[in-house]
Amino acid sequence: MSATIIDGKAFAAKVREKVATHVTRLKADHGIVPGLAVILVGEDPASEVYVRNKGKQTLAAGMNSFEHKLDAGCSQAELLEVVETLNADPAVHGILCQLPLPDHLDEEEVINAIDPAKDVDGFHISNVGLLGTGQKSMVPCTPLGCLMMLRDHHGSLSGLDAVVVGRSNIVGKPMAQLLLGDSCTVTIAHSRTKDLADVVRRADIVVAAVGRPEMVPGDWIKPGATVIDVGINRVPNGEKTRLVGDVHFDSCTEVAGAITPVPGGVGPMTIACLLANTLTACSRANGLDEPEGLTV
Ligand code: GUN
C-alpha cells in the first residue's frame with residue numbers, strides 16, 4: 001500500500017484564499033482592515049526568515065502588517081512596553097512575539113502580557129485554559145493546521161485512537177486537547193514513554209512532534225493510519241542539507257493510509273492559520289460573526 005499524500009501546501013493556499021476573501025468583505029462592508037503585529041528580538045537568521053514570510057503573507061491576504069524589531073540586548077521592560085503599546089492599539093488585532101527569545105528575557109511573562117484576545121499564537125495562559133475546558137479561545141497555529149487537515153481527510157474524528165508524540169506547550173499539549181475536543185481517544189507519548197512503538201502502533205492517527213529527525217519508522221505505524229508529521233529537521237545530505245520530518249517518510253508511506261510530507265505538509269499550514277487567527281481575532285474584536293471553518 002502507498003499512502004495518500006496530504007498536500008499541506010495546496011490546503012494552506014485554500015485557507016489563505018478564504019482569509020483574503022473575508023478580509024475583502026470586512027473592508028467593503030465595515031471599513032475594517034485586520035492588523036497583525038510581529039515582535040522580533042535579535043537577529044536569529046531562522047527567526048528573521050519566518051518573520052519576513054509572515055509579513056509578506058499578511059500583506060498578500062490584504063491585512064496590515066506591523067513589525068517591531070528590538071535589539072538582542074533589549075531589556076524585559078522595553079519588550080513589555082512594546083507589548084503594552086500594541087495591546088492598546090485598535091489597528092492591531094493580533095500580536096505575535098517570535099520565539100525563542102534571548103536567554104535573559106522571560107518568555108512566559110511576555111506571552112502572558114499579551115492581551116489574550118490578540119494572542120494569535122494561543123500561548124497565553126487564558127487561552128490555554130479556555131482550550132482545555134472546551135471554551136472559545138485563540139488556538140495555537142500548528143495544531144490548528146493539523147486539525148484542519150485531519151478533519152478534511154477523515155470527516156469525523158469521533159472515536160478514533162490518536163497518539164501525539166511530543167508534549168510541548170506549542171504543539172503536543174494543544175494538539176491533544178483539540179483531538180479530545182473532536183472525541184478522539186488521546187494518548188500523549190514522550191521520551192519517557194514505555195514501549196513507544198507499541199503505543200504508536202495502536203493509533204488510527206499519529207501526530208509526531210518531537211523534533212527528532214525520522215524518529216518514527218514505518219513498522220511503528222498501524223496499516224491504514226493517518227500520519228501527521230510536524231517535524232522540520234535540517235540534516236546533512238552529502239555536501240548540502242535537506243529537510244526531514246520526525247517520521248521516516250519512505251517506510252511510513254508503505255504502511256500508512258495518509259501522510260503529510262516534509263516539506264509541504266504541516267509547515268505551510270502554520271502561517272495560513274496565523275492569518276486565520278488574526279482574522280478571527282479581528283472579527284471578535286468588532287463583534288462580528290467569525291468566518292466558518294477557520295477556527296475550532
Ligand atoms: N517560533 C517558532 N514557531 C513559532 C510560533 O509558532 N510562534 C512564535 N511566537 N514563535 C515561534
# chains A, B, ... in the order shown; residues from 1 in each chain; ligands from 1
>>> closest_atom_pairs(of="stretch 259-285 of chain A", to="stretch 91-107 of chain A", cutoff="6 Å", atoms="only C-alpha atoms", output="tab-separated table")
residue	atom	partner	partner_atom	distance
A:Thr278	CA	A:Gly94	CA	5.2
A:Ala281	CA	A:His93	CA	5.9
A:Cys282	CA	A:His93	CA	5.2
>>> residues_near_ligand(ligand="ligand 1", cutoff="10 Å", atoms="only C-alpha atoms and all ligand atoms", output="PyMOL selection string")
chain A and resi 38-40+46-47+50-51+95-101+107+111+119-123+140-143+170-171+270-271+273-274
>>> closest_atom_pairs(of="stretch 91-183 of chain A", to="stretch 244-265 of chain A", cutoff="12 Å", atoms="only C-alpha atoms", output="CSV")
residue,atom,partner,partner_atom,distance
A:Thr142,CA,A:Gly265,CA,10.9
A:Gly145,CA,A:Gly265,CA,9.6
A:Cys146,CA,A:Gly265,CA,9.1
A:Met148,CA,A:Gly265,CA,11.9
A:Met149,CA,A:Thr260,CA,9.1
A:Leu150,CA,A:Ala258,CA,9.8
A:Asp152,CA,A:Ala258,CA,11.8
A:His153,CA,A:Ala258,CA,8.5
A:His154,CA,A:Ala258,CA,10.1
A:Val164,CA,A:Asp246,CA,11.9
A:Val165,CA,A:Asp246,CA,9.5
A:Gly166,CA,A:Asp246,CA,10.4
>>> write_last_selection(atoms="N, CA and C atoms", output="PDB file, in the first residue's frame")
ATOM      1  N   THR A 142      -0.041  25.770  14.710  1.00  0.00           N
ATOM      2  CA  THR A 142       0.379  24.477  14.142  1.00  0.00           C
ATOM      3  C   THR A 142      -0.639  23.374  14.447  1.00  0.00           C
ATOM      4  N   GLY A 145      -3.705  23.862  12.310  1.00  0.00           N
ATOM      5  CA  GLY A 145      -3.476  23.417  10.922  1.00  0.00           C
ATOM      6  C   GLY A 145      -3.560  21.899  10.803  1.00  0.00           C
ATOM      7  N   CYS A 146      -3.007  21.197  11.784  1.00  0.00           N
ATOM      8  CA  CYS A 146      -3.062  19.716  11.776  1.00  0.00           C
ATOM      9  C   CYS A 146      -4.516  19.256  11.871  1.00  0.00           C
ATOM     10  N   MET A 148      -7.231  20.876  11.006  1.00  0.00           N
ATOM     11  CA  MET A 148      -7.948  21.164   9.743  1.00  0.00           C
ATOM     12  C   MET A 148      -7.687  20.068   8.719  1.00  0.00           C
ATOM     13  N   MET A 149      -6.413  19.650   8.601  1.00  0.00           N
ATOM     14  CA  MET A 149      -6.086  18.606   7.613  1.00  0.00           C
ATOM     15  C   MET A 149      -6.722  17.274   7.999  1.00  0.00           C
ATOM     16  N   LEU A 150      -6.734  16.966   9.293  1.00  0.00           N
ATOM     17  CA  LEU A 150      -7.327  15.696   9.744  1.00  0.00           C
ATOM     18  C   LEU A 150      -8.831  15.685   9.493  1.00  0.00           C
ATOM     19  N   ASP A 152     -10.427  17.404   7.294  1.00  0.00           N
ATOM     20  CA  ASP A 152     -10.645  17.372   5.843  1.00  0.00           C
ATOM     21  C   ASP A 152     -10.494  15.944   5.312  1.00  0.00           C
ATOM     22  N   HIS A 153      -9.516  15.235   5.845  1.00  0.00           N
ATOM     23  CA  HIS A 153      -9.247  13.878   5.348  1.00  0.00           C
ATOM     24  C   HIS A 153     -10.277  12.868   5.847  1.00  0.00           C
ATOM     25  N   HIS A 154     -10.630  12.965   7.145  1.00  0.00           N
ATOM     26  CA  HIS A 154     -11.472  11.930   7.770  1.00  0.00           C
ATOM     27  C   HIS A 154     -12.943  12.286   7.821  1.00  0.00           C
ATOM     28  N   VAL A 164      -0.288  11.390  20.151  1.00  0.00           N
ATOM     29  CA  VAL A 164       0.546  12.566  19.891  1.00  0.00           C
ATOM     30  C   VAL A 164       1.910  12.259  20.498  1.00  0.00           C
ATOM     31  N   VAL A 165       2.941  12.265  19.677  1.00  0.00           N
ATOM     32  CA  VAL A 165       4.286  12.008  20.195  1.00  0.00           C
ATOM     33  C   VAL A 165       4.952  13.375  20.392  1.00  0.00           C
ATOM     34  N   GLY A 166       5.164  13.732  21.648  1.00  0.00           N
ATOM     35  CA  GLY A 166       5.707  15.063  21.965  1.00  0.00           C
ATOM     36  C   GLY A 166       4.738  15.796  22.883  1.00  0.00           C
TER      37      GLY A 166
END
>>> atom_distance(atom1="atom CA of A:Gly42", atom2="atom CA of A:Ala88")
23.9 Å
>>> select_by_dssp(residues="stretch 3-225 of chain A", states="helix (DSSP H, G or I)", output="ChimeraX atom specification")
/A:8-30,45-60,76-88,107-113,116-118,125-132,141-154,172-181,196-201,218-220
>>> closest_residue(among="A:Val227, A:Val206, A:Ala285, A:Ala272", to="A:Gln57", atoms="only C-alpha atoms")
A:Ala272
>>> residues_around(residues="A:Ala12", least_positions_apart="3", cutoff="8 Å", atoms="only C-alpha atoms", output="list of chain:residue names")
A:Gly8, A:Lys9, A:Val15, A:Arg16, A:Pro268, A:Met269, A:Ala272
>>> closest_residue(among="A:Pro116, A:Gly129, A:Gly35, A:Gly218", to="A:Gly55", atoms="only C-alpha atoms")
A:Gly35
>>> atom_distance(atom1="atom CA of A:Thr185", atom2="atom CA of A:Lys222")
15.6 Å
>>> closest_residue(among="A:Ala162, A:Ala10, A:Val200, A:Ile125", to="A:Ser137", atoms="only C-alpha atoms")
A:Ile125
>>> residues_around(residues="A:Leu196", least_positions_apart="2", cutoff="12 Å", atoms="only C-alpha atoms", output="PyMOL selection string")
chain A and resi 163-166+187-194+198-203+206+215-217+219-221
>>> write_last_selection(atoms="N, CA, C and O atoms", output="compact mmCIF listing (two decimals), in the first residue's frame")
# COMPACT_ATOMS: atom_id res chain seq x y z
N VAL A 163 -2.54 9.17 18.82
CA VAL A 163 -1.33 9.28 19.64
C VAL A 163 -0.55 10.51 19.20
O VAL A 163 -0.22 10.65 18.01
N VAL A 164 -0.29 11.39 20.15
CA VAL A 164 0.55 12.57 19.89
C VAL A 164 1.91 12.26 20.50
O VAL A 164 2.00 11.98 21.69
N VAL A 165 2.94 12.27 19.68
CA VAL A 165 4.29 12.01 20.20
C VAL A 165 4.95 13.38 20.39
O VAL A 165 5.22 14.08 19.41
N GLY A 166 5.16 13.73 21.65
CA GLY A 166 5.71 15.06 21.97
C GLY A 166 4.74 15.80 22.88
O GLY A 166 3.53 15.73 22.68
N THR A 187 -3.75 9.70 23.45
CA THR A 187 -2.57 9.39 24.27
C THR A 187 -1.48 10.40 23.92
O THR A 187 -1.25 10.66 22.74
N ILE A 188 -0.86 10.96 24.96
CA ILE A 188 0.33 11.80 24.71
C ILE A 188 1.55 10.96 25.08
O ILE A 188 1.70 10.56 26.24
N ALA A 189 2.38 10.68 24.09
CA ALA A 189 3.60 9.90 24.33
C ALA A 189 4.79 10.86 24.30
O ALA A 189 4.71 11.94 23.72
N HIS A 190 5.87 10.45 24.94
CA HIS A 190 7.05 11.32 25.00
C HIS A 190 8.30 10.49 25.26
O HIS A 190 8.23 9.24 25.24
N SER A 191 9.40 11.17 25.54
CA SER A 191 10.69 10.46 25.61
C SER A 191 10.74 9.40 26.71
O SER A 191 11.53 8.47 26.64
N ARG A 192 9.89 9.52 27.73
CA ARG A 192 9.90 8.54 28.82
C ARG A 192 8.83 7.45 28.65
O ARG A 192 8.69 6.60 29.53
N THR A 193 8.07 7.51 27.58
CA THR A 193 7.00 6.53 27.37
C THR A 193 7.59 5.13 27.22
O THR A 193 8.54 4.93 26.45
N LYS A 194 6.98 4.17 27.95
CA LYS A 194 7.44 2.77 27.83
C LYS A 194 6.84 2.18 26.56
O LYS A 194 5.70 2.49 26.20
N ASP A 198 4.83 0.21 20.54
CA ASP A 198 3.52 -0.43 20.72
C ASP A 198 2.42 0.60 20.91
O ASP A 198 1.30 0.42 20.44
N VAL A 199 2.74 1.68 21.62
CA VAL A 199 1.75 2.75 21.83
C VAL A 199 1.37 3.36 20.49
O VAL A 199 0.19 3.54 20.16
N VAL A 200 2.38 3.67 19.67
CA VAL A 200 2.12 4.30 18.37
C VAL A 200 1.36 3.33 17.46
O VAL A 200 0.45 3.74 16.72
N ARG A 201 1.67 2.04 17.57
CA ARG A 201 1.03 1.02 16.71
C ARG A 201 -0.48 0.90 16.94
O ARG A 201 -1.19 0.38 16.10
N ARG A 202 -0.96 1.39 18.08
CA ARG A 202 -2.40 1.32 18.36
C ARG A 202 -3.18 2.45 17.68
O ARG A 202 -4.40 2.45 17.65
N ALA A 203 -2.46 3.44 17.15
CA ALA A 203 -3.12 4.68 16.75
C ALA A 203 -3.71 4.66 15.34
O ALA A 203 -3.08 4.18 14.40
N VAL A 206 -1.55 9.38 14.07
CA VAL A 206 -0.28 9.64 14.74
C VAL A 206 0.13 11.08 14.43
O VAL A 206 0.22 11.45 13.24
N MET A 215 12.38 9.88 13.48
CA MET A 215 12.37 9.01 14.66
C MET A 215 11.33 7.89 14.58
O MET A 215 11.50 6.82 15.17
N VAL A 216 10.23 8.15 13.86
CA VAL A 216 9.15 7.16 13.80
C VAL A 216 9.27 6.33 12.52
O VAL A 216 9.06 6.85 11.41
N PRO A 217 9.63 5.05 12.63
CA PRO A 217 9.76 4.22 11.42
C PRO A 217 8.42 3.60 11.01
O PRO A 217 7.48 3.56 11.81
N ASP A 219 7.48 0.60 10.70
CA ASP A 219 6.95 -0.58 11.42
C ASP A 219 6.34 -0.21 12.78
O ASP A 219 5.90 -1.09 13.52
N TRP A 220 6.27 1.09 13.10
CA TRP A 220 5.51 1.54 14.28
C TRP A 220 4.07 1.91 13.88
O TRP A 220 3.26 2.25 14.74
N ILE A 221 3.80 1.95 12.59
CA ILE A 221 2.52 2.51 12.12
C ILE A 221 1.51 1.39 11.86
O ILE A 221 1.82 0.40 11.20
>>> closest_residue(among="A:Asn112, A:Thr133, A:Thr241, A:Ser2", to="A:Pro223", atoms="only C-alpha atoms")
A:Ser2
>>> select_by_dssp(residues="stretch 79-262 of chain A", states="strand (DSSP E)", output="mmCIF file with all heavy atoms, in the first residue's frame")
data_model
loop_
_atom_site.group_PDB
_atom_site.id
_atom_site.type_symbol
_atom_site.label_atom_id
_atom_site.label_comp_id
_atom_site.auth_asym_id
_atom_site.auth_seq_id
_atom_site.Cartn_x
_atom_site.Cartn_y
_atom_site.Cartn_z
ATOM 1 N N GLY A 94 -3.911 41.242 16.131
ATOM 2 C CA GLY A 94 -3.130 40.067 16.506
ATOM 3 C C GLY A 94 -1.712 40.477 16.855
ATOM 4 O O GLY A 94 -1.127 41.342 16.199
ATOM 5 N N ILE A 95 -1.172 39.870 17.924
ATOM 6 C CA ILE A 95 0.216 40.144 18.336
ATOM 7 C C ILE A 95 0.945 38.810 18.459
ATOM 8 O O ILE A 95 0.454 37.884 19.105
ATOM 9 C CB ILE A 95 0.274 40.852 19.719
ATOM 10 C CG1 ILE A 95 -0.540 42.155 19.691
ATOM 11 C CG2 ILE A 95 1.727 41.116 20.131
ATOM 12 C CD1 ILE A 95 -0.713 42.783 21.082
ATOM 13 N N LEU A 96 2.110 38.739 17.840
ATOM 14 C CA LEU A 96 2.943 37.537 17.953
ATOM 15 C C LEU A 96 4.354 37.961 18.306
ATOM 16 O O LEU A 96 4.928 38.825 17.640
ATOM 17 C CB LEU A 96 2.924 36.793 16.608
ATOM 18 C CG LEU A 96 3.776 35.527 16.500
ATOM 19 C CD1 LEU A 96 3.090 34.548 15.555
ATOM 20 C CD2 LEU A 96 5.177 35.834 16.003
ATOM 21 N N CYS A 97 4.879 37.409 19.379
ATOM 22 C CA CYS A 97 6.278 37.646 19.727
ATOM 23 C C CYS A 97 7.059 36.412 19.294
ATOM 24 O O CYS A 97 6.827 35.309 19.821
ATOM 25 C CB CYS A 97 6.410 37.896 21.226
ATOM 26 S SG CYS A 97 8.112 38.190 21.705
ATOM 27 N N ASP A 161 -8.535 6.402 17.711
ATOM 28 C CA ASP A 161 -7.396 6.405 18.640
ATOM 29 C C ASP A 161 -6.310 7.319 18.081
ATOM 30 O O ASP A 161 -5.827 7.092 16.965
ATOM 31 C CB ASP A 161 -6.815 4.989 18.778
ATOM 32 C CG ASP A 161 -7.665 4.126 19.693
ATOM 33 O OD1 ASP A 161 -8.065 4.625 20.760
ATOM 34 O OD2 ASP A 161 -7.942 2.978 19.315
ATOM 35 N N ALA A 162 -5.941 8.336 18.854
ATOM 36 C CA ALA A 162 -4.904 9.276 18.400
ATOM 37 C C ALA A 162 -3.729 9.246 19.365
ATOM 38 O O ALA A 162 -3.921 9.268 20.584
ATOM 39 C CB ALA A 162 -5.476 10.691 18.337
ATOM 40 N N VAL A 163 -2.540 9.174 18.821
ATOM 41 C CA VAL A 163 -1.332 9.279 19.643
ATOM 42 C C VAL A 163 -0.545 10.507 19.197
ATOM 43 O O VAL A 163 -0.223 10.652 18.006
ATOM 44 C CB VAL A 163 -0.458 8.010 19.535
ATOM 45 C CG1 VAL A 163 0.888 8.216 20.231
ATOM 46 C CG2 VAL A 163 -1.167 6.814 20.160
ATOM 47 N N VAL A 164 -0.288 11.390 20.151
ATOM 48 C CA VAL A 164 0.546 12.566 19.891
ATOM 49 C C VAL A 164 1.910 12.259 20.498
ATOM 50 O O VAL A 164 2.003 11.980 21.694
ATOM 51 C CB VAL A 164 -0.055 13.831 20.548
ATOM 52 C CG1 VAL A 164 0.822 15.040 20.280
ATOM 53 C CG2 VAL A 164 -1.473 14.074 20.049
ATOM 54 N N VAL A 165 2.941 12.265 19.677
ATOM 55 C CA VAL A 165 4.286 12.008 20.195
ATOM 56 C C VAL A 165 4.952 13.375 20.392
ATOM 57 O O VAL A 165 5.225 14.080 19.407
ATOM 58 C CB VAL A 165 5.116 11.126 19.238
ATOM 59 C CG1 VAL A 165 6.405 10.676 19.937
ATOM 60 C CG2 VAL A 165 4.317 9.912 18.774
ATOM 61 N N THR A 185 -9.843 9.258 21.222
ATOM 62 C CA THR A 185 -9.235 8.723 22.443
ATOM 63 C C THR A 185 -7.748 9.051 22.337
ATOM 64 O O THR A 185 -7.074 8.582 21.416
ATOM 65 C CB THR A 185 -9.436 7.196 22.523
ATOM 66 O OG1 THR A 185 -10.844 6.947 22.458
ATOM 67 C CG2 THR A 185 -8.856 6.630 23.805
ATOM 68 N N VAL A 186 -7.268 9.907 23.236
ATOM 69 C CA VAL A 186 -5.954 10.536 23.018
ATOM 70 C C VAL A 186 -4.892 10.033 23.993
ATOM 71 O O VAL A 186 -5.133 9.962 25.194
ATOM 72 C CB VAL A 186 -6.067 12.076 23.159
ATOM 73 C CG1 VAL A 186 -4.729 12.739 22.844
ATOM 74 C CG2 VAL A 186 -7.143 12.627 22.233
ATOM 75 N N THR A 187 -3.751 9.703 23.455
ATOM 76 C CA THR A 187 -2.573 9.388 24.272
ATOM 77 C C THR A 187 -1.482 10.397 23.923
ATOM 78 O O THR A 187 -1.254 10.658 22.738
ATOM 79 C CB THR A 187 -2.046 7.976 23.935
ATOM 80 O OG1 THR A 187 -3.093 7.029 24.135
ATOM 81 C CG2 THR A 187 -0.842 7.604 24.802
ATOM 82 N N ILE A 188 -0.855 10.962 24.956
ATOM 83 C CA ILE A 188 0.333 11.796 24.712
ATOM 84 C C ILE A 188 1.553 10.956 25.078
ATOM 85 O O ILE A 188 1.704 10.556 26.240
ATOM 86 C CB ILE A 188 0.330 13.090 25.549
ATOM 87 C CG1 ILE A 188 -0.967 13.880 25.319
ATOM 88 C CG2 ILE A 188 1.545 13.948 25.202
ATOM 89 C CD1 ILE A 188 -1.037 15.173 26.117
ATOM 90 N N ALA A 189 2.378 10.676 24.094
ATOM 91 C CA ALA A 189 3.602 9.900 24.330
ATOM 92 C C ALA A 189 4.791 10.855 24.295
ATOM 93 O O ALA A 189 4.710 11.941 23.720
ATOM 94 C CB ALA A 189 3.750 8.827 23.265
ATOM 95 N N ILE A 205 -4.552 7.687 14.328
ATOM 96 C CA ILE A 205 -3.946 8.975 13.969
ATOM 97 C C ILE A 205 -2.655 9.126 14.766
ATOM 98 O O ILE A 205 -2.668 8.992 15.994
ATOM 99 C CB ILE A 205 -4.889 10.152 14.322
ATOM 100 C CG1 ILE A 205 -6.157 10.109 13.458
ATOM 101 C CG2 ILE A 205 -4.177 11.496 14.188
ATOM 102 C CD1 ILE A 205 -7.234 11.087 13.917
ATOM 103 N N VAL A 206 -1.554 9.384 14.071
ATOM 104 C CA VAL A 206 -0.278 9.644 14.744
ATOM 105 C C VAL A 206 0.132 11.081 14.426
ATOM 106 O O VAL A 206 0.220 11.449 13.245
ATOM 107 C CB VAL A 206 0.840 8.696 14.250
ATOM 108 C CG1 VAL A 206 2.161 8.987 14.973
ATOM 109 C CG2 VAL A 206 0.442 7.238 14.431
ATOM 110 N N VAL A 207 0.355 11.879 15.461
ATOM 111 C CA VAL A 207 0.907 13.218 15.249
ATOM 112 C C VAL A 207 2.305 13.212 15.865
ATOM 113 O O VAL A 207 2.458 13.015 17.076
ATOM 114 C CB VAL A 207 0.042 14.324 15.897
ATOM 115 C CG1 VAL A 207 0.661 15.695 15.649
ATOM 116 C CG2 VAL A 207 -1.384 14.280 15.365
ATOM 117 N N ALA A 208 3.318 13.381 15.032
ATOM 118 C CA ALA A 208 4.702 13.335 15.513
ATOM 119 C C ALA A 208 5.235 14.755 15.649
ATOM 120 O O ALA A 208 5.328 15.487 14.662
ATOM 121 C CB ALA A 208 5.565 12.528 14.548
ATOM 122 N N THR A 226 -3.400 7.419 9.761
ATOM 123 C CA THR A 226 -3.051 8.737 9.223
ATOM 124 C C THR A 226 -1.882 9.303 10.025
ATOM 125 O O THR A 226 -1.936 9.325 11.259
ATOM 126 C CB THR A 226 -4.263 9.692 9.320
ATOM 127 O OG1 THR A 226 -5.333 9.118 8.577
ATOM 128 C CG2 THR A 226 -3.940 11.072 8.769
ATOM 129 N N VAL A 227 -0.858 9.748 9.317
ATOM 130 C CA VAL A 227 0.365 10.224 9.980
ATOM 131 C C VAL A 227 0.549 11.714 9.675
ATOM 132 O O VAL A 227 0.645 12.111 8.512
ATOM 133 C CB VAL A 227 1.592 9.429 9.475
ATOM 134 C CG1 VAL A 227 2.878 9.959 10.120
ATOM 135 C CG2 VAL A 227 1.425 7.936 9.779
ATOM 136 N N ILE A 228 0.572 12.506 10.740
ATOM 137 C CA ILE A 228 0.791 13.953 10.604
ATOM 138 C C ILE A 228 2.184 14.255 11.168
ATOM 139 O O ILE A 228 2.441 14.059 12.358
ATOM 140 C CB ILE A 228 -0.275 14.753 11.400
ATOM 141 C CG1 ILE A 228 -1.701 14.369 10.960
ATOM 142 C CG2 ILE A 228 -0.028 16.251 11.263
ATOM 143 C CD1 ILE A 228 -2.093 14.810 9.579
ATOM 144 N N ASP A 229 3.054 14.737 10.302
ATOM 145 C CA ASP A 229 4.457 14.948 10.676
ATOM 146 C C ASP A 229 4.728 16.438 10.891
ATOM 147 O O ASP A 229 4.778 17.216 9.936
ATOM 148 C CB ASP A 229 5.349 14.394 9.553
ATOM 149 C CG ASP A 229 6.808 14.312 9.962
ATOM 150 O OD1 ASP A 229 7.163 14.845 11.032
ATOM 151 O OD2 ASP A 229 7.591 13.708 9.198
ATOM 152 N N ASN A 233 13.285 19.175 10.395
ATOM 153 C CA ASN A 233 14.678 19.000 10.845
ATOM 154 C C ASN A 233 15.613 19.087 9.640
ATOM 155 O O ASN A 233 15.362 18.447 8.615
ATOM 156 C CB ASN A 233 14.840 17.613 11.480
ATOM 157 C CG ASN A 233 13.794 17.318 12.548
ATOM 158 O OD1 ASN A 233 13.830 17.900 13.616
ATOM 159 N ND2 ASN A 233 12.839 16.431 12.245
ATOM 160 N N ARG A 234 16.638 19.895 9.792
ATOM 161 C CA ARG A 234 17.627 20.012 8.714
ATOM 162 C C ARG A 234 18.756 19.023 8.999
ATOM 163 O O ARG A 234 19.345 19.040 10.071
ATOM 164 C CB ARG A 234 18.148 21.452 8.631
ATOM 165 C CG ARG A 234 18.896 21.748 7.361
ATOM 166 C CD ARG A 234 19.081 23.236 7.137
ATOM 167 N NE ARG A 234 17.891 23.903 6.631
ATOM 168 C CZ ARG A 234 17.442 23.828 5.382
ATOM 169 N NH1 ARG A 234 18.093 23.111 4.477
ATOM 170 N NH2 ARG A 234 16.356 24.468 5.009
ATOM 171 N N VAL A 235 19.005 18.114 8.048
ATOM 172 C CA VAL A 235 20.044 17.089 8.249
ATOM 173 C C VAL A 235 21.050 17.146 7.096
ATOM 174 O O VAL A 235 20.714 17.602 5.990
ATOM 175 C CB VAL A 235 19.422 15.663 8.332
ATOM 176 C CG1 VAL A 235 18.512 15.529 9.544
ATOM 177 C CG2 VAL A 235 18.676 15.312 7.052
ATOM 178 N N PRO A 236 22.278 16.671 7.341
ATOM 179 C CA PRO A 236 23.281 16.671 6.271
ATOM 180 C C PRO A 236 22.849 15.769 5.127
ATOM 181 O O PRO A 236 22.219 14.734 5.341
ATOM 182 C CB PRO A 236 24.526 16.096 6.949
ATOM 183 C CG PRO A 236 24.262 16.150 8.414
ATOM 184 C CD PRO A 236 22.790 16.138 8.609
ATOM 185 N N ASN A 237 23.179 16.202 3.914
ATOM 186 C CA ASN A 237 22.849 15.421 2.719
ATOM 187 C C ASN A 237 24.018 15.605 1.739
ATOM 188 O O ASN A 237 23.997 16.506 0.921
ATOM 189 C CB ASN A 237 21.538 15.928 2.129
ATOM 190 C CG ASN A 237 21.064 15.088 0.960
ATOM 191 O OD1 ASN A 237 21.335 13.893 0.904
ATOM 192 N ND2 ASN A 237 20.356 15.719 0.019
ATOM 193 N N LYS A 240 25.475 19.098 1.001
ATOM 194 C CA LYS A 240 24.417 20.059 1.334
ATOM 195 C C LYS A 240 23.609 19.580 2.537
ATOM 196 O O LYS A 240 24.061 18.738 3.282
ATOM 197 C CB LYS A 240 23.507 20.243 0.108
ATOM 198 C CG LYS A 240 24.239 20.787 -1.096
ATOM 199 C CD LYS A 240 23.268 21.117 -2.190
ATOM 200 C CE LYS A 240 24.015 21.718 -3.372
ATOM 201 N NZ LYS A 240 23.180 21.753 -4.554
ATOM 202 N N THR A 241 22.408 20.132 2.696
ATOM 203 C CA THR A 241 21.489 19.673 3.756
ATOM 204 C C THR A 241 20.123 19.451 3.121
ATOM 205 O O THR A 241 19.870 19.899 2.002
ATOM 206 C CB THR A 241 21.339 20.721 4.874
ATOM 207 O OG1 THR A 241 20.805 21.919 4.307
ATOM 208 C CG2 THR A 241 22.653 21.007 5.572
ATOM 209 N N ARG A 242 19.263 18.729 3.835
ATOM 210 C CA ARG A 242 17.884 18.591 3.371
ATOM 211 C C ARG A 242 16.963 18.574 4.586
ATOM 212 O O ARG A 242 17.422 18.356 5.721
ATOM 213 C CB ARG A 242 17.692 17.328 2.534
ATOM 214 C CG ARG A 242 17.843 16.055 3.319
ATOM 215 C CD ARG A 242 17.832 14.823 2.415
ATOM 216 N NE ARG A 242 18.040 13.644 3.250
ATOM 217 C CZ ARG A 242 17.090 12.768 3.551
ATOM 218 N NH1 ARG A 242 15.877 12.897 3.061
ATOM 219 N NH2 ARG A 242 17.340 11.733 4.328
ATOM 220 N N LEU A 243 15.668 18.835 4.337
ATOM 221 C CA LEU A 243 14.702 18.850 5.429
ATOM 222 C C LEU A 243 14.055 17.490 5.557
ATOM 223 O O LEU A 243 13.654 16.894 4.542
ATOM 224 C CB LEU A 243 13.603 19.885 5.146
ATOM 225 C CG LEU A 243 13.970 21.357 5.246
ATOM 226 C CD1 LEU A 243 12.736 22.219 4.984
ATOM 227 C CD2 LEU A 243 14.565 21.693 6.615
ATOM 228 N N VAL A 244 13.960 16.988 6.777
ATOM 229 C CA VAL A 244 13.195 15.762 7.029
ATOM 230 C C VAL A 244 12.276 16.008 8.224
ATOM 231 O O VAL A 244 12.508 16.913 9.019
ATOM 232 C CB VAL A 244 14.102 14.531 7.312
ATOM 233 C CG1 VAL A 244 14.992 14.219 6.132
ATOM 234 C CG2 VAL A 244 14.926 14.724 8.581
ATOM 235 N N ALA A 258 -2.616 7.622 5.009
ATOM 236 C CA ALA A 258 -2.387 9.002 4.564
ATOM 237 C C ALA A 258 -1.252 9.593 5.380
ATOM 238 O O ALA A 258 -1.050 9.220 6.546
ATOM 239 C CB ALA A 258 -3.652 9.838 4.753
ATOM 240 N N ILE A 259 -0.527 10.515 4.770
ATOM 241 C CA ILE A 259 0.654 11.076 5.447
ATOM 242 C C ILE A 259 0.917 12.490 4.931
ATOM 243 O O ILE A 259 0.659 12.791 3.758
ATOM 244 C CB ILE A 259 1.884 10.152 5.225
ATOM 245 C CG1 ILE A 259 3.086 10.577 6.071
ATOM 246 C CG2 ILE A 259 2.266 10.070 3.745
ATOM 247 C CD1 ILE A 259 4.201 9.522 6.129
#
>>> decode(residues="stretch 211-217 of chain A", atoms="N, CA and C atoms", output="PDB file, in the first residue's frame")
ATOM      1  N   GLY A 211      10.688  16.747  17.263  1.00  0.00           N
ATOM      2  CA  GLY A 211      11.909  17.450  16.859  1.00  0.00           C
ATOM      3  C   GLY A 211      13.110  16.530  16.747  1.00  0.00           C
ATOM      4  N   ARG A 212      12.855  15.231  16.459  1.00  0.00           N
ATOM      5  CA  ARG A 212      13.983  14.311  16.219  1.00  0.00           C
ATOM      6  C   ARG A 212      13.847  13.702  14.837  1.00  0.00           C
ATOM      7  N   PRO A 213      14.875  13.930  13.984  1.00  0.00           N
ATOM      8  CA  PRO A 213      14.762  13.528  12.578  1.00  0.00           C
ATOM      9  C   PRO A 213      14.416  12.051  12.398  1.00  0.00           C
ATOM     10  N   GLU A 214      13.372  11.789  11.656  1.00  0.00           N
ATOM     11  CA  GLU A 214      12.974  10.442  11.199  1.00  0.00           C
ATOM     12  C   GLU A 214      12.898   9.429  12.335  1.00  0.00           C
ATOM     13  N   MET A 215      12.381   9.877  13.478  1.00  0.00           N
ATOM     14  CA  MET A 215      12.367   9.014  14.664  1.00  0.00           C
ATOM     15  C   MET A 215      11.325   7.887  14.578  1.00  0.00           C
ATOM     16  N   VAL A 216      10.233   8.145  13.863  1.00  0.00           N
ATOM     17  CA  VAL A 216       9.150   7.157  13.798  1.00  0.00           C
ATOM     18  C   VAL A 216       9.273   6.329  12.516  1.00  0.00           C
ATOM     19  N   PRO A 217       9.626   5.048  12.629  1.00  0.00           N
ATOM     20  CA  PRO A 217       9.755   4.220  11.418  1.00  0.00           C
ATOM     21  C   PRO A 217       8.416   3.598  11.012  1.00  0.00           C
TER      22      PRO A 217
END
